[in-house]
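Colleague: Below is one structure. I have some questions about it.
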Amino acid sequence: MKKESNEEQACRKIRYKTLMIHGEKYRTLFPNKFRNRKKWQKPDEKIILSVLPGKVVEVFAKENGLVRAGDTMLVLEAMKMQNTCYYPHSGRIKKVNVKKGDKIPKGFVMVEYE
């Protein structure tokens, strides 16, 4: 009987996961990065989060103001570019959490709807 190397023993101990894609079975390995990922959640439509870290150049949002989808919310400077942010849907603004000159991280709550 042939003696197994350490590498062969390690491979034999690996647990494979089975995926079903369009009725076909696939055996695969999930890396730790996949296992430890942040699970997707349905976004809250009453808040607007920043998608990039950056500096607020100008704010057009006003508290208790009515806005329509597509109106300009603010200008955010990120990676030496000025990005105009627009309202995704219509509604009344409850709170504006940014002001001109603020540096905000990714995922910061910029504006809240009622």
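Residues are named by chain letter and number: chains run A, B, ... in the order of the structure tokens, numbers start at 1 in each chain, and ligands are numbered from 1 in the order shown.
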As a list in words, list the residues of segment 15-112 of chain A assigned to alpha helix (DSSP H) by DSSP on the backbone atoms of this structure.
Modeller: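 The residues of segment 15-112 of chain A classed as alpha helix (DSSP H) are Asn32, Lys33, Phe34 and Arg35 of chain A.
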Colleague: Store the residues of this selection in a file with N, CA and C atoms, as a compact mmCIF listing (two decimals), in the first residue's frame.
Modeller:
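Ended up saving to result-v2.txt:
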# COMPACT_ATOMS: atom_id res chain seq x y z
N ASN A 32 -12.41 31.30 2.95
CA ASN A 32 -12.82 32.01 4.16
C ASN A 32 -13.38 33.39 3.84
N LYS A 33 -12.85 34.04 2.82
CA LYS A 33 -13.36 35.36 2.43
C LYS A 33 -14.85 35.27 2.09
N PHE A 34 -15.24 34.20 1.42
CA PHE A 34 -16.65 34.01 1.08
C PHE A 34 -17.48 33.70 2.32
N ARG A 35 -16.97 32.82 3.19
CA ARG A 35 -17.70 32.45 4.39
C ARG A 35 -17.88 33.63 5.34
Colleague: Pick out the residues sitting within 12 Å of segment 84-86 of chain A, and hand them over as a PyMOL selection string; count only C-alpha atoms, and ignore anything fewer than 6 positions along from it in its own chain.
Modeller: chain A and resi 48-52+56-61+67-78+110-111
Colleague: For Arg92 of chain A, work out the shell of residues within 9 Å, counting only C-alpha atoms and skipping chain neighbours fewer than 4 positions away, then give it as a VMD selection string.
Modeller: chain A and resid 63 to 68 112 to 114
Colleague: Interatomic distance between atom CA of Met79 of chain A and atom CA of Lys55 of chain A?
Modeller: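 According to the coordinates, atom CA of Met79 of chain A and atom CA of Lys55 of chain A are separated by 9.7 Å.
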